[in-house]
$ cat final04.cif   # mmCIF, C-alpha atoms and all ligand atoms
data_upload
loop_
_atom_site.label_atom_id
_atom_site.label_comp_id
_atom_site.auth_asym_id
_atom_site.auth_seq_id
_atom_site.Cartn_x
_atom_site.Cartn_y
_atom_site.Cartn_z
CA MET A 44 0.00 0.00 0.00
CA VAL A 45 1.28 3.41 -0.91
CA ASN A 46 2.24 5.79 1.84
CA ARG A 47 2.67 9.51 1.12
CA LEU A 48 4.53 11.84 3.42
CA SER A 49 3.69 15.51 2.98
CA PRO A 50 6.46 18.12 3.28
CA THR A 51 5.67 18.69 6.97
CA GLN A 52 6.18 14.98 7.70
CA HIS A 53 9.72 14.63 6.38
CA SER A 54 12.98 16.55 6.40
CA ILE A 55 13.75 17.01 2.68
CA VAL A 56 14.19 20.61 1.65
CA GLU A 57 14.11 21.26 -2.06
CA LYS A 58 17.23 23.40 -1.96
CA ARG A 59 19.37 20.40 -1.05
CA ILE A 60 18.57 18.79 -4.40
CA CYS A 61 21.09 19.81 -7.02
CA LYS A 62 19.92 22.55 -9.35
CA LYS A 63 20.30 20.40 -12.48
CA ALA A 64 18.15 17.62 -11.07
CA ARG A 65 15.45 20.12 -10.11
CA ASP A 66 15.56 21.57 -13.58
CA ILE A 67 15.22 18.15 -15.23
CA LEU A 68 12.30 17.21 -12.96
CA HIS A 69 10.44 20.43 -13.81
CA ARG A 70 11.05 20.10 -17.53
CA LEU A 71 9.83 16.51 -17.64
CA GLU A 72 6.69 17.45 -15.75
CA ARG A 73 6.06 20.45 -18.00
CA ALA A 74 6.14 17.98 -20.90
CA ASP A 75 3.34 16.03 -19.16
CA HIS A 76 5.46 13.16 -17.90
CA GLU A 77 5.62 11.91 -14.35
CA ALA A 78 9.07 12.49 -12.87
CA TYR A 79 10.55 11.85 -9.44
CA LEU A 80 13.83 12.01 -7.63
CA VAL A 81 14.50 8.43 -6.64
CA GLY A 82 16.73 5.89 -4.94
CA GLY A 83 19.88 6.78 -3.03
CA ALA A 84 19.31 10.53 -3.19
CA VAL A 85 15.92 10.39 -1.45
CA ARG A 86 17.25 7.93 1.12
CA ASP A 87 20.30 10.06 1.85
CA LEU A 88 18.37 13.33 2.05
CA LEU A 89 15.94 11.77 4.53
CA LEU A 90 18.91 10.64 6.62
CA ASN A 91 20.45 14.08 6.34
CA HIS A 92 23.45 12.78 4.38
CA SER A 93 24.74 14.41 1.22
CA PRO A 94 23.70 12.32 -1.79
CA LYS A 95 26.44 11.13 -4.11
CA ASP A 96 24.24 11.52 -7.17
CA PHE A 97 20.68 12.54 -8.00
CA ASP A 98 18.88 9.91 -10.05
CA ILE A 99 15.55 10.55 -11.69
CA ALA A 100 12.76 8.13 -12.60
CA THR A 101 10.12 9.06 -15.14
CA SER A 102 7.16 7.77 -17.10
CA ALA A 103 8.79 9.17 -20.27
CA HIS A 104 10.44 6.57 -22.51
CA PRO A 105 14.15 7.04 -23.26
CA GLU A 106 13.44 8.41 -26.75
CA GLU A 107 10.98 10.91 -25.28
CA VAL A 108 13.58 12.05 -22.77
CA LYS A 109 16.03 12.52 -25.60
CA LYS A 110 13.60 14.77 -27.43
CA ILE A 111 13.31 17.12 -24.44
CA PHE A 112 17.04 17.32 -23.66
CA PRO A 113 19.42 17.89 -26.57
CA SER A 114 22.43 16.90 -24.43
CA CYS A 115 20.88 13.49 -23.71
CA ARG A 116 22.65 10.26 -24.63
CA LEU A 117 21.01 6.87 -24.43
CA ILE A 118 23.17 4.12 -23.03
CA GLY A 119 22.96 0.46 -21.99
CA ARG A 120 21.32 -2.55 -23.54
CA ARG A 121 20.30 -4.69 -20.59
CA PHE A 122 19.12 -1.55 -18.91
CA ARG A 123 18.47 1.37 -21.25
CA LEU A 124 19.12 4.72 -19.58
CA ALA A 125 19.19 8.38 -20.53
CA HIS A 126 22.22 10.39 -19.49
CA ILE A 127 21.72 14.13 -19.60
CA HIS A 128 25.10 15.76 -19.97
CA TYR A 129 26.40 19.00 -18.49
CA GLY A 130 29.98 19.23 -19.66
CA ARG A 131 31.77 16.23 -18.19
CA GLU A 132 29.03 15.57 -15.65
CA TYR A 133 25.70 13.91 -16.31
CA LEU A 134 22.51 13.01 -14.52
CA GLU A 135 20.75 9.71 -15.00
CA VAL A 136 17.12 9.51 -16.03
CA ALA A 137 15.52 6.05 -16.05
CA THR A 138 12.09 5.12 -17.34
CA PHE A 139 9.81 3.32 -14.83
CA ARG A 140 10.34 -0.41 -15.15
CA ALA A 141 8.06 -3.31 -14.44
CA PRO A 142 9.19 -6.42 -12.55
CA HIS A 143 11.00 -8.57 -15.11
CA ASN A 144 8.75 -11.64 -14.85
CA GLU A 145 5.48 -9.88 -15.64
CA SER A 146 6.04 -9.76 -19.35
CA GLU A 147 7.54 -11.61 -22.27
CA SER A 148 10.34 -9.16 -22.93
CA GLY A 149 11.71 -9.28 -19.37
CA LYS A 150 13.87 -12.39 -19.32
CA THR A 151 15.53 -14.40 -16.61
CA SER A 152 18.15 -17.12 -16.99
CA GLU A 153 17.63 -20.71 -15.80
CA LYS A 154 19.01 -19.77 -12.39
CA GLY A 155 16.55 -16.88 -12.14
CA ARG A 156 19.03 -14.15 -13.02
CA ILE A 157 17.68 -11.09 -14.85
CA ILE A 158 19.19 -10.82 -18.30
CA ASN A 159 16.88 -8.29 -19.89
CA ASP A 160 15.32 -5.52 -17.88
CA ASN A 161 13.76 -3.20 -20.46
CA VAL A 162 10.11 -3.68 -19.63
CA TYR A 163 8.52 -0.34 -18.89
CA GLY A 164 5.90 -0.04 -16.18
CA SER A 165 4.22 2.20 -13.63
CA MET A 166 5.80 4.09 -10.78
CA GLU A 167 4.65 1.46 -8.30
CA GLU A 168 6.09 -1.35 -10.39
CA ASP A 169 9.30 0.60 -10.64
CA ALA A 170 9.45 0.93 -6.86
CA LEU A 171 8.91 -2.78 -6.30
CA ARG A 172 11.61 -3.97 -8.68
CA ARG A 173 14.26 -1.99 -6.77
CA ASP A 174 16.51 -3.80 -4.33
CA PHE A 175 15.96 -2.53 -0.79
CA THR A 176 12.94 -0.81 0.70
CA ILE A 177 15.03 2.23 1.66
CA ASN A 178 16.17 2.54 -1.98
CA ALA A 179 12.63 2.59 -3.34
CA LEU A 180 11.48 6.01 -2.14
CA PHE A 181 10.36 8.71 -4.56
CA TYR A 182 10.32 12.46 -4.08
CA ASP A 183 7.76 14.51 -5.97
CA ILE A 184 9.11 17.98 -6.59
CA GLN A 185 5.69 19.46 -7.46
CA THR A 186 4.00 18.56 -4.19
CA GLY A 187 7.06 18.03 -2.00
CA ASP A 188 5.71 14.59 -1.03
CA VAL A 189 7.79 11.49 -0.40
CA VAL A 190 6.04 8.50 -1.98
CA ASP A 191 6.70 5.12 -0.37
CA HIS A 192 5.42 1.93 -2.02
CA ALA A 193 7.58 -0.53 -0.10
CA ASP A 194 7.54 0.54 3.56
CA GLY A 195 10.93 2.13 3.13
CA ILE A 196 10.17 4.91 5.62
CA ASP A 197 9.56 2.30 8.34
CA ASP A 198 12.88 0.65 7.62
CA LEU A 199 14.71 3.99 7.56
CA GLU A 200 13.35 4.60 11.04
CA LYS A 201 14.31 1.10 12.18
CA ARG A 202 17.69 1.53 10.46
CA GLU A 203 17.32 -1.75 8.60
CA ILE A 204 18.35 -3.04 5.19
CA ARG A 205 15.44 -5.11 3.88
CA LEU A 206 14.99 -6.57 0.43
CA ILE A 207 11.68 -5.93 -1.28
CA GLY A 208 9.86 -9.25 -1.86
CA ASP A 209 11.16 -12.75 -1.26
CA PRO A 210 14.86 -12.44 -0.40
CA GLU A 211 16.02 -15.67 -1.99
CA THR A 212 14.26 -14.90 -5.29
CA ARG A 213 15.67 -11.39 -5.29
CA TYR A 214 19.23 -12.65 -4.69
CA ARG A 215 18.85 -15.22 -7.43
CA GLU A 216 17.68 -12.52 -9.84
CA ASP A 217 20.77 -10.50 -9.07
CA PRO A 218 23.37 -11.95 -6.68
CA VAL A 219 25.19 -8.60 -6.51
CA ARG A 220 22.40 -7.53 -4.14
CA MET A 221 24.21 -9.57 -1.46
CA LEU A 222 27.23 -7.31 -1.82
CA ARG A 223 24.99 -4.25 -1.91
CA ALA A 224 23.30 -5.29 1.35
CA ILE A 225 26.69 -5.29 3.04
CA ARG A 226 27.75 -2.06 1.38
CA PHE A 227 24.65 -0.17 2.54
CA ALA A 228 24.72 -1.71 6.03
CA ILE A 229 28.21 -0.32 6.48
CA LYS A 230 27.71 2.96 4.67
CA LEU A 231 24.57 3.85 6.62
CA ASP A 232 25.44 1.99 9.81
CA PHE A 233 22.21 -0.04 9.51
CA THR A 234 21.62 -3.69 10.35
CA ILE A 235 20.61 -6.25 7.73
CA GLU A 236 17.12 -7.44 8.62
CA ALA A 237 17.04 -11.17 9.53
CA THR A 238 15.18 -12.62 6.52
CA THR A 239 17.33 -10.52 4.18
CA GLU A 240 20.47 -11.65 5.96
CA LYS A 241 19.84 -15.38 6.22
CA PRO A 242 20.07 -16.48 2.56
CA ILE A 243 23.40 -14.70 2.07
CA TYR A 244 25.21 -17.51 3.86
CA GLU A 245 23.93 -20.07 1.37
CA LEU A 246 23.81 -18.11 -1.88
CA GLY A 247 27.27 -16.56 -2.07
CA HIS A 248 28.29 -19.04 -4.77
CA LEU A 249 25.89 -17.31 -7.19
CA LEU A 250 28.43 -14.52 -7.43
CA LYS A 251 30.54 -16.88 -9.55
CA ASP A 252 28.15 -16.20 -12.43
CA ILE A 253 28.54 -12.43 -12.32
CA ALA A 254 30.63 -10.77 -14.99
CA PRO A 255 34.12 -10.10 -13.58
CA ALA A 256 33.99 -6.49 -14.83
CA ARG A 257 30.87 -5.84 -12.75
CA LEU A 258 32.46 -7.46 -9.72
CA PHE A 259 35.47 -5.20 -10.16
CA ASP A 260 33.18 -2.13 -10.01
CA GLU A 261 31.45 -3.47 -6.92
CA THR A 262 34.78 -4.27 -5.29
CA LEU A 263 35.88 -0.67 -5.69
CA LYS A 264 32.63 0.64 -4.27
CA LEU A 265 33.10 -1.71 -1.32
CA PHE A 266 36.76 -0.99 -0.63
CA HIS A 267 37.10 2.65 -1.59
CA SER A 268 34.27 3.94 0.54
CA GLY A 269 36.27 4.90 3.62
CA ASN A 270 35.21 1.73 5.45
CA ALA A 271 37.43 -0.87 3.82
CA LEU A 272 38.48 -2.61 7.01
CA LYS A 273 34.93 -3.06 8.25
CA THR A 274 33.86 -4.18 4.78
CA PHE A 275 36.64 -6.75 4.56
CA ARG A 276 35.66 -8.25 7.93
CA MET A 277 31.98 -8.30 7.10
CA LEU A 278 32.49 -9.86 3.67
CA ARG A 279 34.48 -12.63 5.33
CA GLN A 280 31.86 -13.05 8.02
CA TYR A 281 29.22 -13.64 5.33
CA ASP A 282 31.60 -15.86 3.39
CA LEU A 283 31.44 -13.61 0.31
CA PHE A 284 35.02 -12.40 0.27
CA GLN A 285 36.21 -15.59 -1.42
CA TYR A 286 34.16 -14.77 -4.54
CA LEU A 287 35.90 -11.42 -4.98
CA PHE A 288 39.39 -12.53 -3.97
CA PRO A 289 39.63 -16.34 -4.11
CA GLN A 290 43.42 -16.38 -3.96
CA THR A 291 43.47 -14.05 -0.97
CA GLU A 292 40.95 -16.16 0.91
CA ASP A 293 43.05 -19.22 0.14
CA SER A 294 46.13 -17.54 1.60
CA LEU A 295 44.21 -16.47 4.68
CA LEU A 296 42.92 -19.96 5.33
CA ARG A 297 46.42 -21.31 5.79
CA GLU A 298 46.73 -21.47 9.51
CA GLU A 299 50.20 -20.08 9.84
CA ASN A 300 49.23 -17.00 7.89
CA GLU A 301 48.31 -14.56 10.68
CA ASP A 302 50.91 -12.16 9.33
CA PHE A 303 49.15 -11.80 6.03
CA LEU A 304 45.92 -10.92 7.79
CA THR A 305 47.76 -8.20 9.73
CA PHE A 306 49.26 -6.96 6.46
CA ILE A 307 45.85 -6.66 4.79
CA GLU A 308 44.20 -5.06 7.79
CA THR A 309 47.02 -2.53 8.19
CA ALA A 310 46.69 -1.66 4.50
CA LEU A 311 42.93 -1.25 4.68
CA LYS A 312 43.16 0.93 7.78
CA ASN A 313 45.57 3.07 5.85
CA THR A 314 43.27 3.25 2.81
CA ASP A 315 40.40 4.37 5.05
CA LYS A 316 42.57 7.07 6.58
CA ARG A 317 43.64 8.31 3.15
CA ILE A 318 40.07 8.49 1.90
CA ARG A 319 38.90 10.34 4.98
CA SER A 320 41.71 12.87 4.50
CA ASN A 321 40.83 13.22 0.81
CA PHE A 322 44.08 11.66 -0.41
CA SER A 323 43.99 9.67 -3.60
CA VAL A 324 43.79 5.87 -3.57
CA THR A 325 44.33 3.46 -6.42
CA PRO A 326 42.85 0.04 -7.11
CA ALA A 327 46.40 -1.01 -8.06
CA PHE A 328 47.46 -0.78 -4.43
CA LEU A 329 44.43 -2.68 -3.14
CA PHE A 330 45.08 -5.53 -5.55
CA ALA A 331 48.83 -5.47 -4.89
CA VAL A 332 48.05 -5.96 -1.19
CA MET A 333 45.38 -8.63 -1.59
CA LEU A 334 47.44 -10.73 -4.00
CA TRP A 335 50.85 -10.30 -2.39
CA ASP A 336 50.95 -13.61 -0.55
CA LYS A 337 50.19 -15.67 -3.66
CA THR A 338 52.63 -13.59 -5.70
CA LEU A 339 55.40 -14.27 -3.20
CA GLU A 340 54.51 -17.94 -3.07
CA GLY A 341 54.77 -18.19 -6.87
CA PHE A 342 57.95 -16.15 -6.84
CA GLU A 343 59.60 -18.59 -4.47
CA ARG A 344 58.46 -21.51 -6.57
CA TYR A 345 59.99 -20.06 -9.74
CA ARG A 346 63.18 -19.24 -7.82
CA SER A 347 63.53 -22.79 -6.61
CA ASP A 348 63.00 -23.94 -10.20
CA GLY A 349 66.13 -21.96 -11.02
CA GLN A 350 64.59 -18.86 -12.60
CA PRO A 351 66.37 -15.53 -12.00
CA GLU A 352 64.88 -13.17 -9.42
CA TYR A 353 63.31 -10.60 -11.74
CA GLN A 354 61.80 -13.18 -14.09
CA SER A 355 60.44 -15.15 -11.15
CA MET A 356 58.53 -12.10 -9.98
CA GLN A 357 57.31 -11.35 -13.51
CA LEU A 358 56.07 -14.89 -14.05
CA SER A 359 54.39 -15.13 -10.69
CA ALA A 360 52.71 -11.73 -11.13
CA SER A 361 51.27 -12.84 -14.49
CA ASP A 362 49.94 -16.07 -13.00
CA VAL A 363 48.28 -14.33 -10.09
CA ILE A 364 46.79 -11.47 -12.11
CA GLY A 365 45.55 -13.95 -14.71
CA LEU A 366 43.77 -16.01 -12.10
CA GLN A 367 42.27 -12.96 -10.41
CA ALA A 368 40.74 -11.85 -13.72
CA LYS A 369 38.39 -14.84 -13.55
CA SER A 370 36.57 -13.37 -10.55
CA THR A 371 37.19 -9.63 -10.61
CA ALA A 372 38.56 -8.23 -13.85
CA VAL A 373 41.16 -5.63 -12.91
CA PRO A 374 41.72 -3.36 -15.92
CA ARG A 375 45.26 -3.62 -17.23
CA ARG A 376 46.09 -0.02 -16.40
CA PHE A 377 45.74 -0.97 -12.74
CA SER A 378 47.16 -4.49 -12.77
CA ASN A 379 50.28 -3.18 -14.53
CA VAL A 380 50.84 -0.84 -11.61
CA SER A 381 50.32 -3.68 -9.09
CA ARG A 382 52.91 -5.65 -11.01
CA ASP A 383 55.37 -2.71 -10.87
CA ILE A 384 54.83 -2.36 -7.13
CA TRP A 385 55.81 -6.03 -6.68
CA LEU A 386 58.75 -5.90 -9.08
CA LEU A 387 60.18 -2.79 -7.44
CA GLN A 388 60.31 -4.34 -3.98
CA ALA A 389 63.71 -5.84 -4.71
CA ARG A 390 65.16 -2.40 -5.41
CA PHE A 391 64.79 -1.29 -1.80
CA ARG A 392 67.69 -3.60 -0.97
CA ARG A 393 70.12 -1.63 -3.14
CA LYS A 394 71.29 1.44 -1.33
CA ASP A 395 74.32 2.52 -3.38
CA CYS A 396 74.00 6.07 -4.73
CA ARG A 397 73.57 5.18 -8.37
CA ALA A 398 70.72 2.80 -7.69
CA VAL A 399 69.06 4.97 -5.08
CA PHE A 400 69.00 8.16 -7.12
CA SER A 401 67.54 6.52 -10.18
CA PHE A 402 65.03 4.61 -8.05
CA ILE A 403 63.57 7.61 -6.22
CA GLU A 404 62.93 9.23 -9.61
CA HIS A 405 60.98 6.19 -10.78
CA LYS A 406 57.33 7.04 -11.49
CA ARG A 407 56.14 4.19 -9.26
CA PHE A 408 58.58 4.85 -6.45
CA ARG A 409 55.94 6.36 -4.17
CA ALA A 410 53.52 3.44 -4.50
CA ALA A 411 56.31 0.88 -4.16
CA TYR A 412 57.64 2.73 -1.09
CA ASP A 413 54.20 2.79 0.56
CA PHE A 414 53.92 -0.93 -0.07
CA PHE A 415 57.42 -1.60 1.25
CA CYS A 416 56.75 0.31 4.47
CA LEU A 417 53.45 -1.46 4.85
CA ARG A 418 55.37 -4.74 4.79
CA ALA A 419 57.69 -3.38 7.45
CA ARG A 420 54.87 -2.08 9.62
CA SER A 421 53.11 -5.44 9.53
CA GLY A 422 56.19 -7.23 10.77
CA HIS A 423 57.34 -8.73 7.44
CA LEU A 424 60.56 -6.72 7.31
CA PRO A 425 62.72 -4.87 9.84
CA VAL A 426 61.16 -1.44 10.47
CA GLU A 427 64.60 0.17 10.08
CA ASP A 428 64.56 -0.76 6.37
CA CYS A 429 61.54 1.45 5.82
CA GLU A 430 62.88 4.16 8.11
CA TRP A 431 66.07 4.46 6.06
CA TRP A 432 64.06 5.27 2.92
CA THR A 433 61.67 7.53 4.79
CA GLU A 434 64.51 9.56 6.21
CA PHE A 435 66.42 9.60 2.95
CA GLN A 436 63.59 11.45 1.25
CA THR A 437 63.77 14.24 3.85
CA LEU A 438 67.51 14.90 3.38
CA THR A 439 69.22 17.58 1.30
CA HIS A 440 71.13 16.38 -1.75
CA ASP A 441 74.49 16.49 0.08
CA GLU A 442 73.11 14.59 3.02
CA GLN A 443 71.62 12.03 0.64
CA MET A 444 75.04 11.57 -1.01
CA GLU A 445 76.54 10.97 2.40
CA ALA A 446 73.82 8.52 3.37
CA CYS A 447 74.22 6.32 0.30
CA GLN A 448 77.98 6.58 -0.12
CA GLU A 449 78.56 4.03 2.59
CA PHE A 450 76.89 1.46 0.35
CA ALA A 451 79.53 1.12 -2.33
CA ALA A 452 78.36 0.37 -5.86
CA PRO A 453 78.92 -3.25 -6.90
CA LYS A 454 82.54 -3.78 -7.98
CA ARG A 455 81.86 -5.13 -11.43
CA ARG A 456 80.09 -1.97 -12.45
CA SER A 457 82.74 0.48 -11.19
CA ASN A 458 85.42 -1.51 -13.06
CA ARG A 459 83.44 -1.26 -16.23
CA ARG A 460 83.05 2.47 -15.79
CA ARG A 461 86.78 2.93 -15.24
CA LYS A 462 87.57 0.96 -18.38
CA ARG A 463 85.23 3.11 -20.45
CA LYS A 464 87.03 6.25 -19.34
P1 LIG A 501 24.93 5.12 -3.65
O1 LIG A 501 24.76 6.29 -2.76
O2 LIG A 501 25.93 4.18 -3.16
O3 LIG A 501 25.08 5.48 -5.10
P2 LIG A 501 22.34 4.25 -4.52
O4 LIG A 501 21.17 3.78 -3.74
O5 LIG A 501 22.19 5.51 -5.30
O6 LIG A 501 23.56 4.34 -3.52
P3 LIG A 501 23.05 2.98 -6.98
O7 LIG A 501 23.90 1.80 -7.19
O8 LIG A 501 23.52 4.30 -7.48
O9 LIG A 501 22.76 3.05 -5.43
O10 LIG A 501 21.63 2.64 -7.58
C1 LIG A 501 20.58 3.58 -7.70
C2 LIG A 501 19.25 2.93 -7.38
O11 LIG A 501 18.95 1.93 -8.35
C3 LIG A 501 19.18 2.22 -6.03
O12 LIG A 501 18.84 3.11 -4.99
C4 LIG A 501 18.12 1.17 -6.27
O13 LIG A 501 16.85 1.72 -6.14
C5 LIG A 501 18.33 0.80 -7.74
N1 LIG A 501 19.24 -0.37 -7.89
C6 LIG A 501 20.58 -0.33 -8.07
N2 LIG A 501 21.10 -1.56 -8.20
C7 LIG A 501 20.06 -2.41 -8.09
C8 LIG A 501 19.95 -3.83 -8.14
N3 LIG A 501 21.02 -4.60 -8.31
N4 LIG A 501 18.71 -4.36 -8.02
C9 LIG A 501 17.62 -3.58 -7.88
N5 LIG A 501 17.67 -2.25 -7.80
C10 LIG A 501 18.86 -1.64 -7.90
MG MG A 502 23.70 6.25 -6.65
#
$ encode --input "final04.cif" --output "structure tokens" --more "lines below"
Ligand code: ATP
Ligand code: MG
Amino acid sequence: MVNRLSPTQHSIVEKRICKKARDILHRLERADHEAYLVGGAVRDLLLNHSPKDFDIATSAHPEEVKKIFPSCRLIGRRFRLAHIHYGREYLEVATFRAPHNESESGKTSEKGRIINDNVYGSMEEDALRRDFTINALFYDIQTGDVVDHADGIDDLEKREIRLIGDPETRYREDPVRMLRAIRFAIKLDFTIEATTEKPIYELGHLLKDIAPARLFDETLKLFHSGNALKTFRMLRQYDLFQYLFPQTEDSLLREENEDFLTFIETALKNTDKRIRSNFSVTPAFLFAVMLWDKTLEGFERYRSDGQPEYQSMQLSASDVIGLQAKSTAVPRRFSNVSRDIWLLQARFRRKDCRAVFSFIEHKRFRAAYDFFCLRARSGHLPVEDCEWWTEFQTLTHDEQMEACQEFAAPKRRSNRRRKRK
């Protein structure tokens, strides 16, 4: 049953909605379409948080939206959407959709997964095909009402994450909802309601069928939200972590591997701190951390097979990155950086001036150094090793010369240089 909250019954003030979204809503309504602010923005405004983006749902079909807004681009096949562009930014306008199983053109796979979701419907139908009750609220800019078809207001008050409809069916339709439940529970500091929570323990394996590129996107949302440590622990608690990082979970399950857990947790704490201080973070570092144990293991195997040090690291990195791509597809521009971080670890051992000066100019020095010190801080290396490099970077050029001169360059090289002269 629909529940309408009038402006005096809720805390949304129109001014907190971005100007562009307000403009789009008004223009759609002037063209005789229904249009609402929807999803995360309504939820966040009601909770007094700042929304990340302002999504709009409308009765207008994508082609009709395009006619009203010249800067509109239609995207997506499985889920056709209108993007209205403002320079490099855009707002998303989606046509109301019906539940997938109500019509011929909405298709599900044998396992119940939605594969085609372009069946247009009414506002109520659109509300009910959304994932969680708190994500199914609509805001009507004309009347200022919040429209609630799924008891989302109740759950916002109870601070609960609850799936709309039968939880198991909804997870089977889209297993990523399991990850989303955890993401929202952490982001909003809500609990996952019991019937929504229970099936997660049994259905995690469905994530194996999700496209690795989508899982990569979800992984970033999960780990680059400022709550990576909490997320990591919760994903493991629900037994979902293994589907994002199978090799990492395998390393962690080896009993003697407490150190690796400390290493990951120290890294995630650090990521959270960086995000909260508005410093940049890169997926390359996250993946370098998560896959380090397996990379080292492979490295040692290649070494004992007689491969040289550098090649051993190269080969192992390729194996590990290749295997990871089967669950979460890390784009090459990131995995190449993870690989560099690993390969550069050996260079921290060389402290002669020639090596040091070229190394600190390396474009990946900073990331490799952060990784190296993380290893030291988690007890994998003597802390003094990291301290030497930390201090070195604070010295003047003359002091740096002095600091590295005690580590003579390897003999073979200085001989060669003398000969050339
Ligand atoms: P965030 O603040 O993290 O962006 P959000 O609620 O806006 O949160 P989005 O992923 O941007 O989340 O999705 C927008 C809306 O689309 C959601 O609020 C929800 O209503 C709907 N939605 C997104 N993903 C799904 C899904 N897998 N199944 C059903 N509905 C979904
Ligand atoms: Mg959003």
$ closest_residue --input "final04.cif" --among "A:Glu135, A:Asp169, A:Asp188, A:Asp383" --to "His53 (chain A)" --atoms "all atoms listed in the file"
A:Asp188
$ residues_around --input "final04.cif" --residues "region 281-288 of chain A" --least-positions-apart "2" --cutoff "7 Å" --atoms "only C-alpha atoms" --output "count of residues only"
13
$ residues_near_ligand --input "final04.cif" --ligand "ligand LIG 501 (chain A)" --cutoff "9 Å" --atoms "all atoms listed in the file" --output "MDAnalysis selection string"
chainID A and resid 81:87 94:98 169:180 213:214 216:220 223 226:227 230 264
$ atom_distance --input "final04.cif" --atom1 "CA of Val380 (chain A)" --atom2 "CA of Arg407 (chain A)"
7.7 Å
$ closest_atom_pairs --input "final04.cif" --of "region 231-309 of chain A" --to "region 336-359 of chain A" --cutoff "12 Å" --atoms "all atoms listed in the file" --output "JSON lines"
{"residue": "A:Phe288", "atom": "CA", "partner": "A:Lys337", "partner_atom": "CA", "distance": 11.3}
{"residue": "A:Pro289", "atom": "CA", "partner": "A:Lys337", "partner_atom": "CA", "distance": 10.6}
{"residue": "A:Gln290", "atom": "CA", "partner": "A:Lys337", "partner_atom": "CA", "distance": 6.8}
{"residue": "A:Thr291", "atom": "CA", "partner": "A:Lys337", "partner_atom": "CA", "distance": 7.4}
{"residue": "A:Glu292", "atom": "CA", "partner": "A:Lys337", "partner_atom": "CA", "distance": 10.3}
{"residue": "A:Asp293", "atom": "CA", "partner": "A:Lys337", "partner_atom": "CA", "distance": 8.8}
{"residue": "A:Ser294", "atom": "CA", "partner": "A:Asp336", "partner_atom": "CA", "distance": 6.6}
{"residue": "A:Leu295", "atom": "CA", "partner": "A:Asp336", "partner_atom": "CA", "distance": 9.0}
{"residue": "A:Leu296", "atom": "CA", "partner": "A:Asp336", "partner_atom": "CA", "distance": 11.8}
{"residue": "A:Arg297", "atom": "CA", "partner": "A:Asp336", "partner_atom": "CA", "distance": 11.0}
{"residue": "A:Asn300", "atom": "CA", "partner": "A:Asp336", "partner_atom": "CA", "distance": 9.3}
{"residue": "A:Glu301", "atom": "CA", "partner": "A:Asp336", "partner_atom": "CA", "distance": 11.6}
{"residue": "A:Asp302", "atom": "CA", "partner": "A:Asp336", "partner_atom": "CA", "distance": 10.0}
{"residue": "A:Phe303", "atom": "CA", "partner": "A:Asp336", "partner_atom": "CA", "distance": 7.1}
{"residue": "A:Leu304", "atom": "CA", "partner": "A:Asp336", "partner_atom": "CA", "distance": 10.1}
{"residue": "A:Phe306", "atom": "CA", "partner": "A:Asp336", "partner_atom": "CA", "distance": 9.8}
{"residue": "A:Ile307", "atom": "CA", "partner": "A:Asp336", "partner_atom": "CA", "distance": 10.1}
$ atom_distance --input "final04.cif" --atom1 "CA of Arg215 (chain A)" --atom2 "CA of Thr238 (chain A)"
14.7 Å
$ closest_residue --input "final04.cif" --among "A:Ile403, A:Ala256, A:Ile184, A:Val363" --to "Val56 (chain A)" --atoms "only C-alpha atoms"
A:Ile184
$ atom_distance --input "final04.cif" --atom1 "CA of Arg140 (chain A)" --atom2 "CA of Gly164 (chain A)"
4.6 Å
$ axis_aligned_box --input "final04.cif" --around "region 89-104 of chain A" --padding-each-side "6 Å" --output "AutoDock Vina command-line options"
--center_x 16.8 --center_y 10.5 --center_z -7.9 --size_x 31.3 --size_y 19.8 --size_z 41.1
$ residues_around --input "final04.cif" --residues "Glu77 (chain A)" --least-positions-apart "3" --cutoff "9 Å" --atoms "all atoms listed in the file" --output "PyMOL selection string"
chain A and resi 68+71-72+74+100-103+166
